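One structure below.
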Amino acid sequence: MDATWFNSLNALGISILLLWELRSSVFRRVLRDPRRMRRNLAFLALNVTVALLLHQTTGYLSQHLPRLTFAAPLWLQLPLVFLLCELLNWTLHWAKHANNFLWRVHCQHHREDHYSVWLITHTSGPEVLLTGTVMAAAILALGVSKLALDCYLLFYSIVNLYQHSGLPHSLGLLDKLIINPAFHRQHHSGARANYGSTLTFWDWALGTAHWPSSRRDLPNPPPLDQQPEPFGFVSEMLYPLRPSRWVDSRVLTPKR
């Protein structure tokens with residue numbers, strides 16, 4: 001997919017969801033909180049840069065990476081790419097919650113006491129670039145077309161925003177397949193479950209799905225004073241570099 005088309009479709013989908021998000025009182029309240037907005041905007045700037053670099057990287061890999069021959073039509077490549085990427089993402093996400101050091105890299109995404117789309121910016125940019133590049137290289141090396149991978153990345157970008165909405169969105173019957181806010185909020189509220197990125201498939205297949213009672217089952221993350229990790233862009237980015245505290249960093253949440 002041409003970079004212009006990719007970025008245009010991505011920007012259109014994200015813009016529509018953000019305009020819709022203005023209906024959320026939580027989202028509007030954060031906009032009026034200077035401390036949170038300084039942190040949010042710093043993370044946003046870093047991750048926009050990473051997203052642009054990652055898309056350029058996949059284009060470079062597509063042209064120069066040695067690849068197997070996978071002569072299959074796009075309609076067959078798409079489900080394969082979606083399932084493989086989701087399995088890789090599920091595995092990495094599970095590991096980030098199971099390993100002390102990896103949790104220190106991932107905890108930025110959980111360091112809030114409310115649930116809103118700002119959470120998607122709270123990620124470690126270098127980690128996203130590294131894991132995204134490795135995942136893209138693995139998928140492209142199989143001989144899958146860049147178009148199939150771009151379709152997944154576009155889907156991932158929009159669904160990732162959608163599932164972090166503070167509103168009780170629903171896609172009806174598709175909620176059993178595509179992760180909605182209620183499903184992902186179970187994960188952010190402390191359940192050691194729901195590690196999928198965009199689809200519920202691997203959580204269902206691997207026994208880690210914790211289904212909400214309804215799309216209005218919307219618990220919040222724990223209060224900030226109950227979370228031991230630092231709060232603030234610089235402190236959070238430096239947090240993985242403080243090995244003397246790795247033993248204290250593992251997220252301790254009750255199983256459900």
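If you're wondering about the labels, chains in the structure tokens are A, B, ... by order shown, residues count from 1 in each chain, ligands from 1 in order shown.
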Q) Skipping near chain neighbours, those fewer than 3 positions away, what residues fall within 6 Å of region 169-179 of chain A using only C-alpha atoms, listed as a list in words? A) Thr198, Leu199 and Thr200 of chain A
Q.
Taking 2 positions as the minimum chain separation for residues in the same chain, which residues sit within 12 Å of Leu61 (chain A) when counting only C-alpha atoms? Answer as a VMD selection string.
A. chain A and resid 54 to 59 63 to 67 132 to 141 143 to 146 149
Take the residues from that selection and put them in a file with N, CA and C atoms, as a compact mmCIF listing (two decimals), in the first residue's frame.
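As written to disk, out.txt reads:
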```txt
# COMPACT_ATOMS: atom_id res chain seq x y z
N LEU A 54 8.19 3.15 11.60
CA LEU A 54 7.85 1.74 11.45
C LEU A 54 7.27 1.46 10.08
N HIS A 55 6.43 2.35 9.58
CA HIS A 55 5.87 2.14 8.25
C HIS A 55 6.95 2.23 7.18
N GLN A 56 7.90 3.16 7.35
CA GLN A 56 9.02 3.24 6.41
C GLN A 56 9.90 2.00 6.49
N THR A 57 10.07 1.49 7.69
CA THR A 57 10.90 0.30 7.88
C THR A 57 10.30 -0.92 7.19
N THR A 58 8.97 -1.08 7.31
CA THR A 58 8.34 -2.23 6.64
C THR A 58 8.49 -2.13 5.13
N GLY A 59 8.43 -0.89 4.60
CA GLY A 59 8.64 -0.72 3.17
C GLY A 59 10.04 -1.13 2.75
N GLN A 63 11.35 -4.60 0.39
CA GLN A 63 12.16 -4.52 -0.82
C GLN A 63 13.47 -5.29 -0.71
N HIS A 64 14.02 -5.40 0.49
CA HIS A 64 15.38 -5.92 0.63
C HIS A 64 15.51 -7.21 1.43
N LEU A 65 14.47 -7.64 2.11
CA LEU A 65 14.57 -8.83 2.95
C LEU A 65 14.47 -10.10 2.11
N PRO A 66 15.40 -11.06 2.31
CA PRO A 66 15.26 -12.37 1.63
C PRO A 66 13.96 -13.02 2.07
N ARG A 67 13.22 -13.56 1.10
CA ARG A 67 11.88 -14.05 1.42
C ARG A 67 11.62 -15.40 0.79
N GLY A 132 7.87 -4.07 16.54
CA GLY A 132 7.16 -3.93 15.27
C GLY A 132 8.03 -4.32 14.09
N THR A 133 9.31 -3.95 14.14
CA THR A 133 10.23 -4.31 13.06
C THR A 133 10.46 -5.82 13.01
N VAL A 134 10.65 -6.43 14.19
CA VAL A 134 10.87 -7.88 14.24
C VAL A 134 9.64 -8.62 13.72
N MET A 135 8.45 -8.17 14.14
CA MET A 135 7.22 -8.81 13.69
C MET A 135 7.04 -8.67 12.18
N ALA A 136 7.28 -7.46 11.66
CA ALA A 136 7.15 -7.24 10.22
C ALA A 136 8.15 -8.08 9.44
N ALA A 137 9.39 -8.17 9.93
CA ALA A 137 10.40 -8.98 9.26
C ALA A 137 10.00 -10.45 9.23
N ALA A 138 9.47 -10.95 10.35
CA ALA A 138 9.07 -12.36 10.42
C ALA A 138 7.94 -12.65 9.43
N ILE A 139 6.96 -11.75 9.35
CA ILE A 139 5.82 -11.96 8.46
C ILE A 139 6.24 -11.83 7.00
N LEU A 140 7.02 -10.81 6.69
CA LEU A 140 7.44 -10.61 5.30
C LEU A 140 8.37 -11.71 4.83
N ALA A 141 9.20 -12.24 5.74
CA ALA A 141 10.13 -13.31 5.36
C ALA A 141 9.39 -14.56 4.90
N GLY A 143 7.12 -14.54 2.87
CA GLY A 143 6.71 -14.32 1.49
C GLY A 143 5.36 -13.65 1.35
N VAL A 144 4.79 -13.20 2.48
CA VAL A 144 3.49 -12.53 2.46
C VAL A 144 3.66 -11.14 1.85
N SER A 145 2.67 -10.67 1.13
CA SER A 145 2.77 -9.37 0.47
C SER A 145 2.72 -8.24 1.49
N LYS A 146 3.37 -7.12 1.13
CA LYS A 146 3.34 -5.95 2.01
C LYS A 146 1.92 -5.41 2.13
N LEU A 149 0.25 -7.14 5.00
CA LEU A 149 0.76 -6.65 6.28
C LEU A 149 0.23 -5.25 6.56
```
Q: Among the residues of region 81-219 of chain A, find those DSSP assigns to helix (DSSP H, G or I) from the backbone and print them as a PyMOL selection string.
A: chain A and resi 81-98+100-110+117-121+125-141+146-163+172-176+181-188+201-206
Q: Rank A:His164, A:Ser25, A:Arg111, A:Leu68 by their smallest atom-to-atom distance to Asp225 (chain A), using only C-alpha atoms, and report the top residue only.
A: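 Ranked by minimum distance to Asp225 (chain A), first place goes to A:Arg111.
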Q: Find the distance between CA of Lys96 (chain A) and CA of Tyr162 (chain A) and write it in Å to one decimal.
A: 21.9 Å
Q: For each of A:Ser214, A:Ser62, A:Ser197, A:Asn47, take the minimum atom-to-atom distance to Tyr152 (chain A), counting only C-alpha atoms, then give the residue where this is smallest.
A: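 Looking only at the distances to Tyr152 (chain A), the closest residue turns out to be A:Ser197.
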Could you list, as a PDB file with N, CA, C and O atoms, in the first residue's frame, every residue within 7 Å of Thr208 (chain A), counting only C-alpha atoms and ignoring same-chain residues fewer than 2 positions away?
```pdb
ATOM      1  N   ALA A 193      -5.647 -11.385  32.095  1.00  0.00           N
ATOM      2  CA  ALA A 193      -6.396 -11.965  30.987  1.00  0.00           C
ATOM      3  C   ALA A 193      -6.481 -10.940  29.876  1.00  0.00           C
ATOM      4  O   ALA A 193      -6.000  -9.808  30.013  1.00  0.00           O
ATOM      5  N   ASN A 194      -7.050 -11.359  28.726  1.00  0.00           N
ATOM      6  CA  ASN A 194      -7.336 -10.463  27.611  1.00  0.00           C
ATOM      7  C   ASN A 194      -6.061  -9.777  27.087  1.00  0.00           C
ATOM      8  O   ASN A 194      -5.946  -8.553  27.090  1.00  0.00           O
ATOM      9  N   ASP A 203      -7.014 -15.219  22.856  1.00  0.00           N
ATOM     10  CA  ASP A 203      -7.436 -15.292  24.256  1.00  0.00           C
ATOM     11  C   ASP A 203      -8.435 -16.422  24.441  1.00  0.00           C
ATOM     12  O   ASP A 203      -8.383 -17.165  25.440  1.00  0.00           O
ATOM     13  N   TRP A 204      -9.342 -16.555  23.487  1.00  0.00           N
ATOM     14  CA  TRP A 204     -10.313 -17.652  23.557  1.00  0.00           C
ATOM     15  C   TRP A 204      -9.614 -18.999  23.404  1.00  0.00           C
ATOM     16  O   TRP A 204      -9.843 -19.923  24.192  1.00  0.00           O
ATOM     17  N   LEU A 206      -6.466 -19.843  23.916  1.00  0.00           N
ATOM     18  CA  LEU A 206      -5.460 -20.151  24.932  1.00  0.00           C
ATOM     19  C   LEU A 206      -5.995 -20.037  26.354  1.00  0.00           C
ATOM     20  O   LEU A 206      -5.234 -20.148  27.319  1.00  0.00           O
ATOM     21  N   HIS A 210     -11.404 -13.155  29.413  1.00  0.00           N
ATOM     22  CA  HIS A 210     -12.288 -12.822  30.530  1.00  0.00           C
ATOM     23  C   HIS A 210     -13.368 -11.907  29.963  1.00  0.00           C
ATOM     24  O   HIS A 210     -13.152 -10.717  29.745  1.00  0.00           O
TER      25      HIS A 210
END
```
Q) A:Pro168, A:Pro79, A:Pro228, A:Gly196: which is nearest Pro212 (chain A), counting only C-alpha atoms? A) A:Pro168
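Proximity ranking of A:Phe6, A:Phe70, A:Tyr115, A:Phe43 relative to Val26 (chain A) places A:Tyr115 first, based on only C-alpha atoms.
In this comparison, which uses only C-alpha atoms, the residue of A:Asn99, A:Ser165, A:Gln227, A:Asn220 approaching Phe27 (chain A) most closely is A:Ser165.
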